[in-house]
Amino acid sequence: MKTSQYLLATLREDPSDAELASHRLMLRAGMIRMQASGLYTWLPTGLRVLRKVEQIVREEMNAVGAQEILMPMVQAAELWQESGRWQEYGDELLRMQDRHGRDFCLGPTHEEVITSMIRDEIRSYKQLPAVYYQVQGKFRDERRPRFGVMRAREFLMKDAYSFHASDECLDKTYQIMYQAYVKIFERLGLDYRAVIADTGSIGGSNSHEFHVLADSGEDAIAFSTESNYAANVEKAEALAPSDDAPVATQTMQTVSTPNARSIEAVCESLNVDASKVLKTLIVKGQQDGTLVAVCLRGDHQLNEIKIEKHPLVFAPLAMASDEDINRTIGAPAGFVGPVGLEVPIIVDRDSAILNDFVCGANQDNHHLTGVNWQRDASYTEIFDCRNIVEGDASPDGKGSLTIKRGIEVGHIFQLGTKYSKAMKANVLSENGKAVTLTMGCYGIGVSRIVAAAIEQNHDDYGITWPENIAPFQVAIVPMNMKRSPRVAEQAQALYQQLLQAGIEVLLDDRKERPGVMFADIELIGVPHRIVISERGIDAGTFEYKHRRSNDKVDIEMDNVFSTLMNKIG
RNA sequence: CGGAAUGUGGCGCAGCCUGGUAGCGCACUUGUUCGGGGUACAAGUGGUCGGAGGUUCAAAUCCUCUCAUUCCGACCA
């Protein structure tokens, strides 16, 4: 490709509304343009990268025997009503009607479609296990699209689904897919981790997420210092503390704490540490109109995912309104505590062993000090419902936890029979009886990987792609080509030679000054750069530089081609 | 969904308070210049100022409504 005929579309200035490095660089490097909130056009440079990621994913899926299919993006409501998700899915499901008034949606995922297809096509256990996948656009009407293609509404995803006659068979395929994912992320050249994950709205049992590590990641991941335990913070269990049963040493007292509504204000007002304060959150209960109190240590945070799983708590989690709290408890939010509280009280493991603690007095502008469980207050149940924090014991019993940020780029689930049961997808087993199919599902955010790769690979000049996903492999930058026939001739010759060898090469044949060309080539992140100049030709050399290196090396003209071929491998 | 901010050539912005000929930088076109790190000079192309309504002799500017985008929040007990 020659830059004179290519939509380079690089920008010298930063777009004003791009916050994240990858978003900014994708716009500046001419990879994407926004069409509407969360909707992007992929320009040639961006699409080249996207296709490369897609291709690697495809190759590894094919390598483990997954078969590629393509399902429709527009899906009939009937399928979603069968699985129950027409009601459950919520506002992220973009619904619409056709001219006959029939309901449809844009597919945010494809469990329903694949399950309906498979129940018709697969009749026997002999056809199992089977894995099907597609690389396709998904649409999720995100409440807040942001960060460019990182959290877009329309995005490219590889989704695979496996079908089995037994859980053992699913386990086996799950392991194979896990290994395929490992290969994919290795080939992409990204610093990633597989972590234990929650199954979220898709449902099911066993689950792992694949995260690209980056400080800008939206997820927090907990790692053990001593073992290979790694889990999403929303899933990581906070172990019960091993401390002895609490002993009361103080008597309970009511103290005035005017306007001390937050833990911070209470700590300051009473000069106590947040770890000695009991935080009482009031959430909506599972039974309509009921409230539930959740108690945590003041320095801990509620884990929404965990608490939603408690049978008394309404899912999705909803905080009680100030009016509800006032009406039911008789005290304003900020001064609520468990003493004399007449709603169910769920206490976190750590808060259950507090002694002599501070909590709200259920009375405006007052707190209690020296409070002790059993003597002064009772609770309904002890339940792990807090986020783990740095330094907590690792759930596998080995070492403690550290926390890093990650970008979720892959997620694999053992779905079990959640969809196949609802949609009556059966096969005949060996003994001639119908059994419900067991399913697994395996997603990769293809477009998100492009952004995540940039988050992890950029510097002041632009993107520093991993070799396998760079938009071009080699850039040829001729100095003063328009005036120097020798330079032009050499540049053309090398360009043709590389093209014929199947190398993706970009020849910058614009009538631009060197600085402009260097800046653009670095911005879009071409890994290998060859500079051809009069000076070099006189010395019989071309200059080579790798995008990630500061060193420029002069290479004998005759050896340039073979050197490049060696480096590209 | 709640809060805040911003919409002016392709991009980044000024002008608005105090109404009166729409401006700057980048990019783009042409010419000259420069020629190993976003060169310099000159001449140009391109905008009914997000949209609708209103006030006024006159609206980018004031008022009302609306649309869009971005950021923050959705943990306050």
# chains A, B, ... in the order shown; residues from 1 in each chain; ligands from 1
>>> interface_residues(of="chain A", to="chain B", cutoff="8 Å", atoms="only C-alpha atoms (C1' of nucleotides)", output="PyMOL selection string")
chain A and resi 11-17+37+261-262+279-282+301-302+333-336+360+479-480+513-516+518-519
>>> select_by_dssp(residues="stretch 282-380 of chain A", states="helix (DSSP H, G or I)", output="PyMOL selection string")
chain A and resi 304-308+322-329+351-353
>>> residues_around(residues="B:G51", least_positions_apart="3", cutoff="12 Å", atoms="only C-alpha atoms (C1' of nucleotides)", output="ChimeraX atom specification")
/B:7,65-68
>>> closest_residue(among="B:C72, B:A5, B:A60, B:C28", to="B:G44", atoms="only C-alpha atoms (C1' of nucleotides)")
B:C28
>>> residues_around(residues="stretch 210-225 of chain A", least_positions_apart="4", cutoff="7 Å", atoms="only C-alpha atoms (C1' of nucleotides)", output="ChimeraX atom specification")
/A:190-195,229-233,394,399-411,452,455-456
>>> residues_around(residues="stretch 130-137 of chain A", least_positions_apart="6", cutoff="6 Å", atoms="only C-alpha atoms (C1' of nucleotides)", output="MDAnalysis selection string")
chainID A and resid 66:70 155:163
>>> closest_residue(among="A:Asp198, A:Asp364, A:Glu543, A:Asp120", to="A:Val255", atoms="only C-alpha atoms")
A:Asp364
